[in-house]
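S.K.: Just passing along the structure, written as structure tokens.
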Amino acid sequence: MKRLDDFRLKFGAREYVPIMIGGMGVDISTADLSLVAARLGGIGHISDAMVPTVSDRRYDTKYVRDKQKLYKFNVANMDKSAVQFDLAVLAEATETHVRRTMERKQGDGLIFINCMEKLTMNGPKDTLRVRLRSALDAGIDGITLAAGLHLGSFALIEDHPRFRDAKLGIIVSSLRALQLFLRKSARTNRLPDYVVVEGPLAGGHLGFGMDWAQYDLATIVAEIRDWLREQELDIPLIAAGGVFTGSDAVAHIDNGAAAVQVATRFTVTRECGLPDDVKQHYFTAEEEEIEVNQISPTGYPMRMLKSSPSIGSGIRPNCEAYGYLLDANGGCAYIDAYNREVALHPDEKKLKVMDKTCLCTHMRNFDCWTCGQYTYRLKDTSVREPDGNYRLLDAEHVFRDYQFSTDGRIALPTGESA
Ligand SMILES: Cc1cc2nc3c(=O)[nH]c(=O)nc-3n(C[C@H](O)[C@H](O)[C@H](O)COP(=O)(O)O)c2cc1C
């Protein structure tokens, strides 16, 4: 019986355990979580979503307070075009986040940063350029370009000294998206080092429409695999979305993937950044409590628990402090939805906004409980303590379970709770 450990992901002459822990913003895939993957010979991700906020929390900086102070005059104004990110601050925050993580790295694995290209930050190109370059400056092993694939991203860093030595990968959910990216970046004469193929069961934003249920990860992987062969392109494919056991992972490798990217099973580990009480919501979730909805202002469908406090919340847009989803003109779909409700209910103290959410604020506060489709199976991965809570897992335990399990089995934690 094959185990995931029988395989290795190869980048040139180097070999890795074929397990990538996916990026989960905002600081859900923490430095600690990524460090476990690297120590065990796999690949971990930190996330570049809302890094100044993360830095304030982790490294005692005051970026958010300073930005809020600077733009205080604009809080009641629904035109947010004045609210700009200071690029020097953004660079500093990214460098701190990456450097502090890389300094602690041990083992033979790698640490990548998941770059959410859909964070348009009231200046899409300039802010993205700074985020990518600062991560490279600070020594990140690689960058995974995610949600909202900006087709010109390679060009933004092609003159960076590490452009050819850092690992660069992209996330796609279709062959067409991959073809578009390759066509657009052909001029830089550099292929991605890996392609994460993310299917419809993943957590976070989906690269599908609301017809996501009609798609199937293995079929998309096979289609991309065949096309790459035809083109004589040798790019490792990493299958992601709904890979719940080591045996699921082996099936994808048999189907032509070189590794898997997994996330949901790590949301209930000690190292995961979600608060412990939220982790218990993930443990106890039933299948019917998980939905794909359209409340993300990005325009991409997103999967989450129906009990997320962010759903229906009508808080005032908080762009002076955050503003990560402001488009190039200072607009955000949540601002429009909020204004509409204010106009409809001028005397209402506690507004409800059902169709969009203030994603920055709610992700920052861990009130948007995005999750993979198989979150309802997490209860089968741990044991219940006498107080009724599920026991949080060590990320190492989950990693090794993926690596060594066979026959679709899931190893429960043993011994006393920590
Ligand atoms: C809580 C959570 C947050 C996520 N956030 C991001 C993100 O910020 N960027 C991204 O590219 N993918 C994100 N994802 C997707 C994962 O990186 C991963 O590709 C996917 O969830 C793998 O499927 P699985 O969760 O079924 O293992 C997130 C997933 C989860 C569960």
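In the structure tokens, each chain is lettered A, B, ... as it comes, each chain's residues begin at 1, and ligands are numbered from 1 in order of appearance.
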Please give me, as a ChimeraX atom specification, the residues lying within 8 Å of ligand 1 when counting only C-alpha atoms and all ligand atoms.

M.R.: /A:21-26,28-29,47,49,114-116,144-147,171,196,198-199,201-205,240-244,261-265,267,369-375

S.K.: Include C-alpha atoms and write out the residues we just selected as an mmCIF file, in the first residue's frame.

M.R.:
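result.cif, freshly written:
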data_model
loop_
_atom_site.group_PDB
_atom_site.id
_atom_site.type_symbol
_atom_site.label_atom_id
_atom_site.label_comp_id
_atom_site.auth_asym_id
_atom_site.auth_seq_id
_atom_site.Cartn_x
_atom_site.Cartn_y
_atom_site.Cartn_z
ATOM 1 C CA ILE A 21 0.415 23.693 3.720
ATOM 2 C CA GLY A 22 -1.570 26.330 1.829
ATOM 3 C CA GLY A 23 -1.542 30.017 2.592
ATOM 4 C CA MET A 24 -4.429 31.137 4.776
ATOM 5 C CA GLY A 25 -4.927 34.836 5.289
ATOM 6 C CA VAL A 26 -5.174 36.789 7.498
ATOM 7 C CA ILE A 28 -4.411 31.866 9.828
ATOM 8 C CA SER A 29 -1.412 30.107 8.302
ATOM 9 C CA SER A 47 0.304 34.899 3.933
ATOM 10 C CA ALA A 49 -2.726 39.481 3.407
ATOM 11 C CA ASN A 114 0.938 33.315 -0.447
ATOM 12 C CA CYS A 115 0.346 36.545 -2.277
ATOM 13 C CA MET A 116 -3.326 37.468 -2.598
ATOM 14 C CA THR A 144 2.691 31.598 -4.587
ATOM 15 C CA LEU A 145 0.557 33.995 -6.606
ATOM 16 C CA ALA A 146 -3.052 33.493 -5.557
ATOM 17 C CA ALA A 147 -6.586 34.796 -6.015
ATOM 18 C CA ILE A 171 -2.667 28.984 -8.322
ATOM 19 C CA VAL A 196 -1.141 24.716 -7.688
ATOM 20 C CA GLU A 198 -7.078 24.322 -6.822
ATOM 21 C CA GLY A 199 -10.377 22.526 -7.194
ATOM 22 C CA LEU A 201 -13.694 22.021 -2.509
ATOM 23 C CA ALA A 202 -10.972 24.393 -1.235
ATOM 24 C CA GLY A 203 -11.301 27.009 1.488
ATOM 25 C CA GLY A 204 -10.965 30.744 0.963
ATOM 26 C CA HIS A 205 -11.959 32.293 -2.357
ATOM 27 C CA ALA A 240 -5.404 21.306 -3.768
ATOM 28 C CA GLY A 241 -8.911 21.307 -2.385
ATOM 29 C CA GLY A 242 -10.535 18.469 -0.461
ATOM 30 C CA VAL A 243 -7.393 16.351 0.002
ATOM 31 C CA PHE A 244 -8.299 15.050 3.431
ATOM 32 C CA GLN A 261 -1.571 21.533 -1.036
ATOM 33 C CA VAL A 262 -3.700 21.129 2.072
ATOM 34 C CA ALA A 263 -5.191 23.560 4.547
ATOM 35 C CA THR A 264 -8.472 22.612 6.225
ATOM 36 C CA ARG A 265 -7.004 19.888 8.426
ATOM 37 C CA THR A 267 -7.195 24.909 10.850
ATOM 38 C CA TRP A 369 -14.915 31.642 9.131
ATOM 39 C CA THR A 370 -13.764 30.583 5.719
ATOM 40 C CA CYS A 371 -13.130 26.865 5.431
ATOM 41 C CA GLY A 372 -12.812 23.936 3.067
ATOM 42 C CA GLN A 373 -15.783 21.774 2.120
ATOM 43 C CA TYR A 374 -14.583 18.897 4.312
ATOM 44 C CA THR A 375 -14.487 20.964 7.489
#

S.K.: Write out as a PDB file with C-alpha atoms, in the first residue's frame which residues come within 10 Å of Leu393 in chain A when counting only C-alpha atoms, dropping same-chain ones fewer than 4 positions away.

M.R.:
ATOM      1  CA  ARG A 265      -7.004  19.888   8.426  1.00  0.00           C
ATOM      2  CA  PHE A 266      -4.502  22.398   9.796  1.00  0.00           C
ATOM      3  CA  THR A 267      -7.195  24.909  10.850  1.00  0.00           C
ATOM      4  CA  VAL A 268      -7.686  22.956  14.088  1.00  0.00           C
ATOM      5  CA  THR A 269      -4.012  22.735  15.020  1.00  0.00           C
ATOM      6  CA  ARG A 270      -2.437  24.641  17.882  1.00  0.00           C
ATOM      7  CA  GLU A 271      -0.181  26.486  15.444  1.00  0.00           C
ATOM      8  CA  CYS A 272      -3.077  27.801  13.340  1.00  0.00           C
ATOM      9  CA  THR A 381      -9.626  13.785  13.271  1.00  0.00           C
ATOM     10  CA  SER A 382      -9.473  14.368  17.031  1.00  0.00           C
ATOM     11  CA  VAL A 383     -10.872  13.265  20.366  1.00  0.00           C
ATOM     12  CA  HIS A 397       0.766  15.178  13.988  1.00  0.00           C
ATOM     13  CA  VAL A 398      -1.436  16.224  11.047  1.00  0.00           C
ATOM     14  CA  LEU A 412      -6.201  10.309  16.230  1.00  0.00           C
ATOM     15  CA  PRO A 413      -4.043  12.115  18.788  1.00  0.00           C
ATOM     16  CA  SER A 417      -4.000  16.561  26.228  1.00  0.00           C
ATOM     17  CA  ALA A 418      -1.232  19.194  26.427  1.00  0.00           C
TER      18      ALA A 418
END

S.K.: Please compute the CA of Lys167 in chain A-CA of Leu90 in chain A distance, one decimal, in Å.

M.R.: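 Pair CA of Lys167 in chain A / CA of Leu90 in chain A returns 22.1 Å.
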
S.K.: Go ahead and compute the interatomic distance for CA of Arg131 in chain A and CA of Ala91 in chain A, in Å to one decimal.

M.R.: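 Between CA of Arg131 in chain A and CA of Ala91 in chain A the gap is 6.4 Å.
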
S.K.: With a distance cut-off of 12 Å and only C-alpha atoms, select the neighbouring residues of Asp226 in chain A, excluding the residue or stretch itself and same-chain residues fewer than 3 positions from it, and output the selection as a list in words.

M.R.: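 What passes the distance filter is Leu175, Thr219, Ile220, Val221, Ala222, Glu223, Arg229, Glu230, Gln231, Glu232, Leu233, Asp234, Ile235, Leu237, Asn255, Gly256 and Ala257 of chain A.
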
S.K.: Could you pull out the alpha helix (DSSP H) residues of range 7-39 of chain A from DSSP and send them as a ChimeraX atom specification?

M.R.: /A:31-39

S.K.: Deliver the residues from the most recent selection as a file, using N, CA and C atoms, as a compact mmCIF listing (two decimals), in the first residue's frame.

M.R.:
# COMPACT_ATOMS: atom_id res chain seq x y z
N ALA A 31 3.33 32.00 10.96
CA ALA A 31 4.74 31.63 10.83
C ALA A 31 4.97 30.28 11.51
N ASP A 32 4.39 30.10 12.69
CA ASP A 32 4.59 28.83 13.42
C ASP A 32 4.15 27.63 12.60
N LEU A 33 3.01 27.78 11.93
CA LEU A 33 2.50 26.66 11.13
C LEU A 33 3.44 26.37 9.95
N SER A 34 3.88 27.42 9.31
CA SER A 34 4.77 27.22 8.15
C SER A 34 6.10 26.61 8.59
N LEU A 35 6.54 26.99 9.78
CA LEU A 35 7.84 26.49 10.27
C LEU A 35 7.79 24.98 10.53
N VAL A 36 6.62 24.48 10.94
CA VAL A 36 6.50 23.03 11.15
C VAL A 36 6.67 22.30 9.82
N ALA A 37 6.01 22.79 8.78
CA ALA A 37 6.11 22.14 7.47
C ALA A 37 7.56 22.12 6.99
N ALA A 38 8.25 23.25 7.17
CA ALA A 38 9.64 23.33 6.70
C ALA A 38 10.54 22.39 7.51
N ARG A 39 10.30 22.33 8.82
CA ARG A 39 11.12 21.47 9.67
C ARG A 39 10.96 20.00 9.29

S.K.: Range 288-302 of chain A: which residues within 9 Å, counting only C-alpha atoms, same-chain residues fewer than 3 positions away excluded, as a ChimeraX atom specification?

M.R.: /A:118-119,147-148,203-210,212,285,305-307,311,325,332-334,354-359,370-376

S.K.: Using only C-alpha atoms, which of A:Lys349, A:His45, A:Lys279, A:His150 sits nearest Thr101 in chain A?

M.R.: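 The closest residue to Thr101 in chain A is A:His45.
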
S.K.: Quick one: pick out all strand (DSSP E) residues within range 175-373 of chain A from a backbone DSSP run and write them as a PyMOL selection string.

M.R.: chain A and resi 194-198+204-205+237-240+259-262+290-293+302-305+312-313+352-353

S.K.: For the residues in the current selection, export C-alpha atoms as an mmCIF file, in the first residue's frame.

M.R.:
data_model
loop_
_atom_site.group_PDB
_atom_site.id
_atom_site.type_symbol
_atom_site.label_atom_id
_atom_site.label_comp_id
_atom_site.auth_asym_id
_atom_site.auth_seq_id
_atom_site.Cartn_x
_atom_site.Cartn_y
_atom_site.Cartn_z
ATOM 1 C CA TYR A 194 5.076 24.893 -9.798
ATOM 2 C CA VAL A 195 1.373 25.226 -10.472
ATOM 3 C CA VAL A 196 -1.141 24.716 -7.688
ATOM 4 C CA VAL A 197 -4.328 23.363 -9.230
ATOM 5 C CA GLU A 198 -7.078 24.322 -6.822
ATOM 6 C CA GLY A 204 -10.965 30.744 0.963
ATOM 7 C CA HIS A 205 -11.959 32.293 -2.357
ATOM 8 C CA LEU A 237 1.426 20.214 -10.434
ATOM 9 C CA ILE A 238 0.216 20.527 -6.870
ATOM 10 C CA ALA A 239 -3.355 19.331 -6.319
ATOM 11 C CA ALA A 240 -5.404 21.306 -3.768
ATOM 12 C CA ALA A 259 2.426 17.043 -4.495
ATOM 13 C CA VAL A 260 -0.676 18.262 -2.683
ATOM 14 C CA GLN A 261 -1.571 21.533 -1.036
ATOM 15 C CA VAL A 262 -3.700 21.129 2.072
ATOM 16 C CA ILE A 290 -20.964 25.069 5.143
ATOM 17 C CA GLU A 291 -21.862 27.307 2.215
ATOM 18 C CA VAL A 292 -20.329 28.996 -0.780
ATOM 19 C CA ASN A 293 -21.629 32.553 -0.945
ATOM 20 C CA MET A 302 -16.028 32.153 -0.971
ATOM 21 C CA ARG A 303 -16.699 29.126 1.232
ATOM 22 C CA MET A 304 -17.480 29.688 4.908
ATOM 23 C CA LEU A 305 -19.446 28.533 7.904
ATOM 24 C CA GLY A 312 -25.152 40.084 7.635
ATOM 25 C CA SER A 313 -22.920 42.425 9.628
ATOM 26 C CA LYS A 352 -27.715 44.626 8.304
ATOM 27 C CA VAL A 353 -25.884 44.167 5.016
#

S.K.: Identify, on the basis of only C-alpha atoms, every residue whose closest approach to Val278 in chain A does not exceed 9 Å; exclude the query and any residue fewer than 2 positions from it along the same chain; express the result as number ranges by chain.

M.R.: A: 268, 274-276, 280-283, 366-367, 369

S.K.: Restricting the output to N, CA and C atoms, write the selected residues as a CSV table (one decimal), in the first residue's frame.

M.R.:
chain,number,residue,atom,x,y,z
A,268,VAL,N,-7.4,23.3,12.7
A,268,VAL,CA,-7.7,23.0,14.1
A,268,VAL,C,-6.4,22.5,14.8
A,274,LEU,N,-6.2,30.9,14.0
A,274,LEU,CA,-7.6,31.2,14.5
A,274,LEU,C,-7.7,31.1,16.0
A,275,PRO,N,-8.5,31.9,16.6
A,275,PRO,CA,-8.7,31.8,18.1
A,275,PRO,C,-9.2,30.4,18.4
A,276,ASP,N,-8.9,29.9,19.6
A,276,ASP,CA,-9.3,28.5,20.0
A,276,ASP,C,-10.8,28.3,19.9
A,280,GLN,N,-13.1,25.5,17.6
A,280,GLN,CA,-14.1,24.5,18.1
A,280,GLN,C,-15.3,24.6,17.1
A,281,HIS,N,-15.6,25.8,16.6
A,281,HIS,CA,-16.7,25.9,15.6
A,281,HIS,C,-16.4,25.0,14.3
A,282,TYR,N,-15.1,25.0,14.0
A,282,TYR,CA,-14.7,24.2,12.8
A,282,TYR,C,-14.9,22.8,13.1
A,283,PHE,N,-14.5,22.4,14.3
A,283,PHE,CA,-14.6,21.0,14.7
A,283,PHE,C,-16.0,20.5,14.7
A,366,PHE,N,-11.0,37.7,12.8
A,366,PHE,CA,-11.4,36.2,12.7
A,366,PHE,C,-12.9,36.0,12.9
A,367,ASP,N,-13.7,36.9,12.2
A,367,ASP,CA,-15.1,36.7,12.2
A,367,ASP,C,-15.7,36.2,10.9
A,369,TRP,N,-15.4,33.0,8.9
A,369,TRP,CA,-14.9,31.6,9.1
A,369,TRP,C,-14.9,30.9,7.8

S.K.: Counting only C-alpha atoms, figure out which residue out of A:Ala155, A:Ala166, A:Leu180, A:Ile315 gets nearest to Asn339 in chain A.

M.R.: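 Answer, going by the shortest atom-to-atom distance: A:Ile315.
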
S.K.: My list of candidates is A:Ile46, A:Ala251, A:Leu228, A:Gly12. Which is closest to Asp165 in chain A when distances are computed with only C-alpha atoms?

M.R.: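 So, comparing all the options, the nearest one is A:Gly12.
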
S.K.: Skip Asp60 in chain A itself and residues of its chain fewer than 5 positions away, then list as a list in words all residues within 12 Å of it, counting only C-alpha atoms.

M.R.: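 These residues fall inside the cut-off: Pro52, Thr53, Val54, Ser55, Arg65, Ala93, Thr96 and His97 of chain A.
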
S.K.: In Å, rounded to a single decimal, give me how far CA of Met50 in chain A is from CA of Gln179 in chain A.

M.R.: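 Going from CA of Gln179 in chain A over to CA of Met50 in chain A covers 29.4 Å.
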
S.K.: Here is a test: counting only C-alpha atoms, which residue of A:Gly331, A:Gly314, A:Val89, A:Thr361 is nearest to His345 in chain A?

M.R.: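 Smallest separation from His345 in chain A among the options: A:Gly314.
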
S.K.: Using only C-alpha atoms for the distances, tell me which of A:Asn74, A:Thr30, A:Ser134, A:Ser153 is nearest to Arg190 in chain A.

M.R.: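 Smallest distance to Arg190 in chain A is found for A:Ser153.
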